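Novice: Input structure: query.cif, which contains mmCIF, C-alpha atoms.
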```
data_protein
loop_
_atom_site.label_atom_id
_atom_site.label_comp_id
_atom_site.auth_asym_id
_atom_site.auth_seq_id
_atom_site.Cartn_x
_atom_site.Cartn_y
_atom_site.Cartn_z
CA MET A 267 68.50 138.04 124.82
CA LYS A 268 64.94 137.61 126.16
CA LYS A 269 65.16 140.77 128.30
CA ALA A 270 66.73 142.79 125.51
CA PHE A 271 64.21 141.62 122.87
CA LEU A 272 61.52 144.26 123.46
CA PRO A 273 63.86 147.31 123.66
CA ILE A 274 65.73 146.14 120.55
CA ALA A 275 62.46 145.57 118.67
CA ILE A 276 61.19 149.07 119.62
CA VAL A 277 64.46 150.77 118.63
CA ALA A 278 64.56 148.82 115.32
CA ALA A 279 60.94 149.78 114.52
CA ALA A 280 61.65 153.45 115.32
CA MET A 281 64.78 153.43 113.15
CA PHE A 282 62.93 151.83 110.23
CA ALA A 283 60.15 154.42 110.59
CA TYR A 284 62.71 157.26 110.47
CA ALA A 285 64.86 155.69 107.72
CA PRO A 286 62.80 157.02 104.75
CA ILE A 287 63.14 160.59 106.14
CA ALA A 288 66.91 160.20 106.63
CA ILE A 289 67.29 158.73 103.13
CA ASP A 290 65.18 161.49 101.62
CA ASN A 291 67.36 164.12 103.34
CA ALA A 292 70.61 162.49 102.17
CA PRO A 293 72.24 164.34 99.27
CA TYR A 294 72.13 162.97 95.72
CA GLN A 295 75.20 161.18 94.43
CA SER A 296 76.57 163.21 91.53
CA THR A 297 76.45 160.58 88.75
CA MET A 298 73.65 158.16 89.71
CA LEU A 299 71.29 160.69 91.33
CA LEU A 300 68.05 159.19 92.71
CA ILE A 301 68.76 155.51 92.00
CA GLN A 302 71.82 155.64 94.28
CA LYS A 303 69.42 155.79 97.25
CA ILE A 304 68.74 152.04 96.86
CA PHE A 305 72.25 151.80 98.33
CA TYR A 306 70.86 152.64 101.81
CA PHE A 307 68.89 149.38 101.93
CA HIS A 308 71.06 147.32 99.54
CA VAL A 309 74.36 147.51 101.47
CA PRO A 310 72.72 147.07 104.93
CA SER A 311 70.98 143.93 103.58
CA TRP A 312 74.42 142.45 102.90
CA VAL A 313 75.67 143.61 106.31
CA ALA A 314 72.74 141.81 107.99
CA LEU A 315 73.47 138.79 105.78
CA THR A 316 77.08 138.80 107.01
CA CYS A 317 75.83 138.74 110.62
CA ALA A 318 73.45 135.85 109.81
CA LEU A 319 76.18 134.01 107.93
CA THR A 320 78.60 134.37 110.86
CA VAL A 321 76.00 133.09 113.33
CA CYS A 322 75.24 130.13 111.05
CA GLY A 323 78.91 129.28 110.44
CA VAL A 324 80.02 129.53 114.08
CA ALA A 325 76.92 127.72 115.41
CA SER A 326 77.32 124.98 112.77
CA ALA A 327 80.95 124.44 113.81
CA ILE A 328 79.96 124.26 117.50
CA TYR A 329 77.18 121.79 116.67
CA LEU A 330 79.43 119.65 114.50
CA PHE A 331 82.30 119.42 116.99
CA LYS A 332 80.47 119.60 120.34
CA GLY A 333 76.99 118.34 119.42
CA SER A 334 75.19 121.21 121.17
CA PRO A 335 71.46 121.21 120.21
CA GLU A 336 71.17 124.93 121.12
CA ALA A 337 73.95 125.72 118.61
CA ASP A 338 72.01 123.82 115.96
CA ARG A 339 68.96 126.03 116.63
CA TYR A 340 71.06 129.15 116.08
CA ALA A 341 72.56 127.59 112.94
CA VAL A 342 69.20 126.95 111.29
CA ALA A 343 67.93 130.40 112.30
CA GLY A 344 71.10 131.99 110.88
CA ALA A 345 70.77 130.02 107.63
CA GLU A 346 67.15 131.09 107.12
CA LEU A 347 68.06 134.73 107.73
CA THR A 348 71.03 134.44 105.35
CA ALA A 349 68.66 133.28 102.62
CA LEU A 350 66.21 136.11 103.47
CA PHE A 351 68.74 138.96 103.50
CA GLY A 352 70.47 137.48 100.45
CA LEU A 353 67.17 137.69 98.61
CA PHE A 354 66.81 141.35 99.64
CA GLY A 355 70.35 142.11 98.49
CA LEU A 356 69.95 140.37 95.14
CA ALA A 357 66.53 141.89 94.42
CA SER A 358 67.56 145.45 95.33
CA GLY A 359 70.83 145.00 93.41
CA MET A 360 68.97 143.91 90.28
CA LEU A 361 66.68 146.94 90.45
CA TRP A 362 69.70 149.20 90.86
CA ALA A 363 71.53 147.48 87.98
CA ARG A 364 68.57 147.92 85.63
CA LYS A 365 68.75 151.69 86.02
CA ALA A 366 72.49 152.22 86.60
CA TRP A 367 73.87 149.67 84.10
CA GLY A 368 70.87 149.24 81.80
CA ILE A 369 70.67 145.49 82.51
CA TRP A 370 69.01 143.36 85.18
CA TRP A 371 71.91 140.97 85.68
CA GLU A 372 75.55 140.40 84.70
CA TRP A 373 77.36 137.10 85.25
CA ASP A 374 80.47 138.75 86.71
CA ALA A 375 82.44 137.54 89.74
CA ARG A 376 80.58 139.44 92.49
CA LEU A 377 77.05 138.83 91.28
CA THR A 378 77.63 135.18 90.41
CA MET A 379 79.28 134.45 93.77
CA ALA A 380 76.48 136.20 95.66
CA PHE A 381 73.93 134.14 93.71
CA MET A 382 75.85 130.93 94.53
CA LEU A 383 75.83 131.88 98.22
CA GLU A 384 72.06 132.25 98.08
CA LEU A 385 71.78 128.83 96.43
CA ILE A 386 74.01 127.24 99.13
CA PHE A 387 71.69 128.49 101.88
CA VAL A 388 68.50 127.57 100.03
CA GLY A 389 70.16 124.14 99.68
CA TYR A 390 70.89 124.14 103.43
CA LEU A 391 67.21 124.75 104.21
CA LEU A 392 66.10 122.04 101.76
CA VAL A 393 68.52 119.55 103.37
CA ARG A 394 67.11 120.44 106.80
CA LYS A 395 63.53 119.99 105.61
CA PHE A 396 63.83 116.87 103.47
CA GLY A 397 67.19 115.29 104.46
CA GLY A 398 65.76 112.91 107.08
CA PRO A 399 67.82 111.60 110.04
CA GLY A 400 71.35 113.01 110.16
CA ALA A 401 70.47 116.00 107.98
CA GLU A 402 71.53 118.37 110.79
CA LYS A 403 75.20 117.30 110.50
CA LEU A 404 75.19 117.46 106.71
CA ALA A 405 73.59 120.91 106.88
CA ALA A 406 76.20 122.01 109.47
CA GLY A 407 78.94 121.20 106.95
CA MET A 408 77.11 123.27 104.34
CA GLY A 409 76.77 126.11 106.86
CA ILE A 410 80.51 126.17 107.60
CA PHE A 411 81.49 126.16 103.92
CA GLY A 412 78.79 128.68 103.08
CA ALA A 413 80.17 131.04 105.74
CA ALA A 414 83.73 130.49 104.45
CA THR A 415 82.75 132.00 101.07
CA ALA A 416 81.92 135.40 102.63
CA PRO A 417 85.47 136.93 102.53
CA PHE A 418 85.90 135.85 98.91
CA ILE A 419 82.59 137.46 97.92
CA TYR A 420 83.50 140.67 99.76
CA LYS A 421 86.93 140.94 98.13
CA SER A 422 85.79 139.71 94.69
CA VAL A 423 85.30 143.28 93.41
CA ASP A 424 88.90 144.16 94.30
CA TRP A 425 90.46 140.93 92.97
CA TRP A 426 88.61 140.58 89.65
CA ARG A 427 87.38 142.98 86.99
CA THR A 428 83.70 143.51 87.57
CA ILE A 429 81.09 146.15 86.85
CA HIS A 430 80.05 146.19 90.52
CA PRO A 431 81.45 149.15 92.58
CA LYS A 432 84.57 148.36 94.62
CA THR A 433 84.63 148.07 98.43
CA SER A 434 86.32 151.51 98.62
CA VAL A 435 83.08 153.20 97.46
CA VAL A 436 81.79 153.29 101.06
CA ARG A 437 84.79 155.35 102.24
CA THR A 438 84.19 157.95 99.52
CA LEU A 439 80.75 158.70 101.03
CA ASP A 440 82.30 160.11 104.20
CA SER A 441 82.99 163.42 102.52
CA PRO A 442 82.92 166.66 104.54
CA ASP A 443 81.22 168.34 101.54
CA ASN A 444 78.03 166.37 102.13
CA SER A 445 75.54 167.75 104.60
CA PRO A 446 74.42 165.46 106.20
CA PRO A 447 77.08 163.05 104.94
CA MET A 448 75.76 160.05 103.02
CA PHE A 449 77.97 157.90 105.22
CA HIS A 450 75.95 158.79 108.35
CA VAL A 451 72.70 157.74 106.68
CA LEU A 452 74.33 154.51 105.53
CA VAL A 453 75.57 153.74 109.06
CA PHE A 454 72.09 154.55 110.44
CA CYS A 455 70.50 152.06 108.02
CA MET A 456 73.17 149.45 108.77
CA VAL A 457 72.42 149.69 112.51
CA ALA A 458 68.67 149.42 111.79
CA PHE A 459 69.23 146.28 109.72
CA VAL A 460 71.50 144.68 112.34
CA LEU A 461 68.85 145.33 115.01
CA LEU A 462 66.20 143.86 112.69
CA PHE A 463 68.44 140.84 112.24
CA LEU A 464 68.70 140.41 116.05
CA VAL A 465 64.91 140.62 116.44
CA LEU A 466 64.26 138.07 113.69
CA LEU A 467 67.04 135.78 114.97
CA SER A 468 65.58 135.85 118.45
CA LEU A 469 62.10 134.97 117.14
CA ARG A 470 63.43 132.21 114.89
CA VAL A 471 65.52 130.64 117.68
CA ARG A 472 62.44 130.78 119.94
CA LEU A 473 60.53 128.80 117.29
CA GLU A 474 63.25 126.11 117.24
CA GLN A 475 63.27 125.97 121.06
CA GLN A 476 59.50 125.49 121.17
CA ARG A 477 59.74 122.75 118.52
CA ALA A 478 62.35 120.96 120.64
CA ALA A 479 60.10 121.31 123.71
CA LEU A 480 57.19 119.83 121.73
CA ASP A 481 59.35 116.89 120.64
CA ARG A 482 60.29 116.29 124.29
CA LEU A 483 56.60 116.29 125.26
CA TYR A 484 55.82 113.70 122.58
CA LEU A 485 58.72 111.52 123.76
CA GLU A 486 57.54 111.76 127.37
CA GLU A 487 54.03 110.74 126.30
CA GLU A 488 55.38 107.70 124.45
CA ASP A 489 57.28 106.61 127.58
CA MET B 27 75.81 104.19 63.61
CA ILE B 28 73.52 106.01 66.06
CA ARG B 29 76.52 106.83 68.24
CA ARG B 30 78.39 108.33 65.26
CA LEU B 31 75.35 110.37 64.35
CA GLY B 32 75.14 111.55 67.97
CA VAL B 33 78.83 112.58 67.98
CA PHE B 34 78.32 114.40 64.68
CA ALA B 35 75.20 116.19 65.96
CA VAL B 36 76.94 117.29 69.19
CA SER B 37 80.06 118.46 67.25
CA PHE B 38 77.88 120.35 64.80
CA TRP B 39 75.91 121.98 67.61
CA LEU B 40 79.06 122.94 69.55
CA SER B 41 80.83 124.40 66.51
CA GLY B 42 77.65 126.28 65.59
CA ALA B 43 77.35 127.64 69.13
CA ALA B 44 81.02 128.72 69.09
CA LEU B 45 80.55 130.44 65.74
CA PHE B 46 77.41 132.17 67.02
CA ALA B 47 79.21 133.29 70.19
CA PHE B 48 82.14 134.60 68.15
CA GLN B 49 79.83 136.59 65.89
CA ALA B 50 77.86 137.90 68.83
CA GLY B 51 81.09 139.03 70.52
CA THR B 52 82.48 140.88 67.48
CA PRO B 53 81.70 144.57 67.89
CA ASN B 54 80.03 146.30 65.01
CA PRO B 55 81.99 149.51 64.20
CA SER B 56 78.76 151.44 63.89
CA ASP B 57 77.91 150.50 67.52
CA THR B 58 81.04 152.11 68.96
CA THR B 59 81.02 155.34 66.98
CA GLY B 60 78.72 158.15 68.01
CA PHE B 61 78.61 157.05 71.67
CA GLU B 62 76.15 159.11 73.64
CA PRO B 63 76.11 159.23 77.48
CA VAL B 64 72.81 158.22 79.08
CA THR B 65 72.50 161.58 80.85
CA SER B 66 72.42 163.46 77.54
CA LEU B 67 69.57 161.36 76.12
CA PRO B 68 66.15 163.01 75.78
CA PRO B 69 63.94 162.39 78.85
CA GLY B 70 61.66 160.04 76.90
CA GLN B 71 64.55 157.62 76.27
CA GLN B 72 65.92 157.58 79.83
CA ILE B 73 64.91 154.89 82.33
CA PRO B 74 63.04 156.54 85.25
CA ALA B 75 64.68 155.87 88.65
CA ALA B 76 61.72 156.35 91.02
CA PRO B 77 59.81 153.11 90.20
CA TYR B 78 62.95 151.00 90.76
CA LEU B 79 63.66 152.77 94.04
CA LEU B 80 60.09 152.26 95.25
CA TRP B 81 60.12 148.62 94.16
CA ALA B 82 63.38 147.98 96.04
CA TYR B 83 62.12 149.50 99.30
CA GLY B 84 58.66 147.99 98.87
CA LEU B 85 60.02 144.47 98.31
CA ILE B 86 62.20 144.66 101.41
CA TRP B 87 59.36 146.00 103.60
CA ILE B 88 56.94 143.34 102.32
CA GLY B 89 59.61 140.65 102.74
CA VAL B 90 60.31 141.62 106.36
CA PHE B 91 56.62 141.73 107.28
CA PHE B 92 55.91 138.44 105.50
CA TYR B 93 58.82 136.69 107.21
CA ALA B 94 57.88 138.03 110.67
CA TRP B 95 54.28 136.93 110.07
CA SER B 96 55.45 133.45 108.95
CA ILE B 97 57.50 133.00 112.16
CA TRP B 98 54.55 134.22 114.21
CA LYS B 99 52.24 131.73 112.50
CA ARG B 100 54.65 128.79 112.88
CA LEU B 101 55.25 129.68 116.53
CA GLY B 102 51.50 129.91 117.18
CA LYS B 103 50.96 126.48 115.59
CA VAL B 104 53.68 124.82 117.72
CA GLU B 105 52.43 126.45 120.94
CA GLN B 106 48.85 125.43 120.15
CA GLU B 107 50.01 121.84 119.66
CA MET B 108 51.91 121.98 122.98
CA ARG B 109 48.85 123.23 124.83
CA ALA B 110 46.68 120.51 123.27
CA LEU B 111 49.23 117.85 124.23
CA GLU B 112 49.50 119.08 127.82
CA LYS B 113 45.70 119.20 128.11
CA ARG B 114 45.45 115.63 126.84
CA ARG B 115 48.06 114.44 129.35
CA LYS B 116 46.09 115.94 132.26
#
```
Here is the file; what I need is its structure written in the form of C-alpha cells.
Specialist:
Amino acid sequence: MKKAFLPIAIVAAAMFAYAPIAIDNAPYQSTMLLIQKIFYFHVPSWVALTCALTVCGVASAIYLFKGSPEADRYAVAGAELTALFGLFGLASGMLWARKAWGIWWEWDARLTMAFMLELIFVGYLLVRKFGGPGAEKLAAGMGIFGAATAPFIYKSVDWWRTIHPKTSVVRTLDSPDNSPPMFHVLVFCMVAFVLLFLVLLSLRVRLEQQRAALDRLYLEEED
Amino acid sequence: MIRRLGVFAVSFWLSGAALFAFQAGTPNPSDTTGFEPVTSLPPGQQIPAAPYLLWAYGLIWIGVFFYAWSIWKRLGKVEQEMRALEKRRK
C-alpha cells in the first residue's frame, strides 16, 4: 500500500480534475435536466461509503475474534470514512431532493435508513473517543452491525415504496442513444471516488500506526 | 390527583395530535384539481437547478480538502510529539 500510495494519489487527483469536464460533457437526463448531474458525485459517494463500510466491518470482525491491533486501525479508519462519505451522500441527496422533489427531506425507508447508518458510525466514533478502556471491542460490535445494514439499505428502494429512484436506474443510463453514455461518466466518477477512498484510508491508517508507535515510546520510557 | 391530571393531559394531547394529523392528512379537493407539472410553470416559479448543483459539488470538494487537512494536521502533531520524546530520551 505504501508503494502504491503516490501513483494512486496522482491518478485520483487527475481524475477529480477531469471529472467536471466529463460531467459537463455528459448528456442531460430528459426529465430532471441539469440537477441530475448531482448523480455523478452522489452515487459514487455511496459507492465509496460501501468500500469504507466493508473495510470497517471486516476489520472489526478480525479484531473482535483474533485481537489484531492492525485490524483495529483499519476498522477505525473505515468508520471515519463511512461517516465522511455518508455525509457527502446525504448532503448531495438533500440538494437533489430540494430541486427534484420540491422538499429537502422525506422520512421514507431509504433516506431514514441511510440517516440511521450515519448515526451508527458517528456513534462508533464517539464510543472510540469517549468510551474509555474496552471501547475498541464495543466499537467493533457496532462496526459489524453497521456494516450488516448495508444490503438492507441498498435493497430498500426495491422492497418498500419510496420516492427515491430504484436500483435499476443505473442500468438505464447505459443507453446506446447517449453519446458519451451517462453510464461511462458515472463509472469514471465511481473509480475516482474509490481511489480517493484508498488514499484517505491509507493516510488515516498511517495516523493510527503513528499513534500506536507513540504509545509504545511512552511505555518504553516508563519502563 | 396530580397523576390523574397528568394522565388526562397526556390523553388530551395525544387525541389532539391524532386529530391534527388526521386533518393534515385529509386532501383538500381543491389541491388535487388543476394539477400543473413543474416543467410547465413560468420560469419565475421554478426552482433553479444550478445553485444546488454547485453547492453539492462545492460541499464535497471542501469536505475532502478539510478532511485531508485534518489528517495531515493530526499526523504532524503525533510525529512532532514522537520526535520530542526521542530527543528527550537521548
Novice: Counting all atoms listed in the file, which residues of chain B fall within 6 Å of chain A, and what is the closest atom pair for each with its distance in Å at one decimal, ordered by chain and rising number, as a Markdown table?
Specialist:
```
| residue | atom | partner | partner_atom | distance |
| --- | --- | --- | --- | --- |
| B:Ala75 | CA | A:Ile301 | CA | 5.3 |
| B:Tyr78 | CA | A:Leu361 | CA | 5.5 |
| B:Leu79 | CA | A:Ile304 | CA | 5.9 |
| B:Ala82 | CA | A:Ser358 | CA | 4.9 |
| B:Ile86 | CA | A:Phe354 | CA | 5.9 |
| B:Leu101 | CA | A:Leu473 | CA | 5.4 |
| B:Met108 | CA | A:Leu480 | CA | 5.8 |
```
Novice: For those residues, write C-alpha atoms to a file as a short mmCIF file (atom, residue, chain, number, x, y, z; two decimals), in the frame of the given file.
Specialist:
```cif
data_model
loop_
_atom_site.label_atom_id
_atom_site.label_comp_id
_atom_site.auth_asym_id
_atom_site.auth_seq_id
_atom_site.Cartn_x
_atom_site.Cartn_y
_atom_site.Cartn_z
CA ALA B 75 64.68 155.87 88.65
CA TYR B 78 62.95 151.00 90.76
CA LEU B 79 63.66 152.77 94.04
CA ALA B 82 63.38 147.98 96.04
CA ILE B 86 62.20 144.66 101.41
CA LEU B 101 55.25 129.68 116.53
CA MET B 108 51.91 121.98 122.98
#
```
Novice: Which of these, A:Thr348, A:Ser334, A:Thr378, A:Ser422, has the shortest distance to Glu402 (chain A) once you count only C-alpha atoms?
Specialist: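 The closest residue to Glu402 (chain A) is A:Ser334.
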Novice: Expressed in Å to a single decimal, how great is the separation between CA of Pro310 (chain A) and CA of Ile289 (chain A)?
Specialist: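 CA of Ile289 (chain A) lies 13.0 Å from CA of Pro310 (chain A).
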Novice: Work out how far apart CA of Ala279 (chain A) and CA of Ala345 (chain A) are and give it in Å to one decimal.
Specialist: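 So the answer is 23.1 Å.
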Novice: Run the PyMOL selection byres ((chain A and resi 328) around 12) on the file and write out the hits as a PDB file with C-alpha atoms, in the frame of the given file.
Specialist:
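What landed in selection23.pdb:
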```pdb
ATOM      1  CA  VAL A 321      76.000 133.090 113.330  1.00  0.00           C
ATOM      2  CA  CYS A 322      75.240 130.130 111.050  1.00  0.00           C
ATOM      3  CA  GLY A 323      78.910 129.280 110.440  1.00  0.00           C
ATOM      4  CA  VAL A 324      80.020 129.530 114.080  1.00  0.00           C
ATOM      5  CA  ALA A 325      76.920 127.720 115.410  1.00  0.00           C
ATOM      6  CA  SER A 326      77.320 124.980 112.770  1.00  0.00           C
ATOM      7  CA  ALA A 327      80.950 124.440 113.810  1.00  0.00           C
ATOM      8  CA  TYR A 329      77.180 121.790 116.670  1.00  0.00           C
ATOM      9  CA  LEU A 330      79.430 119.650 114.500  1.00  0.00           C
ATOM     10  CA  PHE A 331      82.300 119.420 116.990  1.00  0.00           C
ATOM     11  CA  LYS A 332      80.470 119.600 120.340  1.00  0.00           C
ATOM     12  CA  GLY A 333      76.990 118.340 119.420  1.00  0.00           C
ATOM     13  CA  SER A 334      75.190 121.210 121.170  1.00  0.00           C
ATOM     14  CA  PRO A 335      71.460 121.210 120.210  1.00  0.00           C
ATOM     15  CA  GLU A 336      71.170 124.930 121.120  1.00  0.00           C
ATOM     16  CA  ALA A 337      73.950 125.720 118.610  1.00  0.00           C
ATOM     17  CA  ASP A 338      72.010 123.820 115.960  1.00  0.00           C
ATOM     18  CA  ARG A 339      68.960 126.030 116.630  1.00  0.00           C
ATOM     19  CA  TYR A 340      71.060 129.150 116.080  1.00  0.00           C
ATOM     20  CA  ALA A 341      72.560 127.590 112.940  1.00  0.00           C
ATOM     21  CA  LYS A 403      75.200 117.300 110.500  1.00  0.00           C
ATOM     22  CA  ALA A 406      76.200 122.010 109.470  1.00  0.00           C
ATOM     23  CA  GLY A 407      78.940 121.200 106.950  1.00  0.00           C
ATOM     24  CA  GLY A 409      76.770 126.110 106.860  1.00  0.00           C
ATOM     25  CA  ILE A 410      80.510 126.170 107.600  1.00  0.00           C
TER      26      ILE A 410
END
```
Novice: Exactly which residues make up the result of the PyMOL selection byres ((chain A and resi 372) around 10) on this file, given as a PyMOL selection string?
Specialist: chain A and resi 360+363+367+369-371+373-378+428-430
Novice: Report the residues retrieved by the PyMOL selection byres ((chain A and resi 292) around 8) from the displayed file, expressed as a list in words.
Specialist: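 Output of the PyMOL selection byres ((chain A and resi 292) around 8): Ala288, Ile289, Asp290, Asn291, Pro293, Tyr294, Ser445, Pro446, Pro447, Met448 and Val451 of chain A.
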Novice: Just to confirm, what's the straight-line distance from CA of Ala349 (chain A) to CA of Leu315 (chain A) in Å (one decimal)?
Specialist: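 Distance reported for this atom pair: 8.0 Å.
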Novice: Neighbours of Ala380 (chain A) within 8 Å (all atoms listed in the file; same-chain residues fewer than 5 positions away dropped), as a PyMOL selection string?
Specialist: chain A and resi 352+356+419
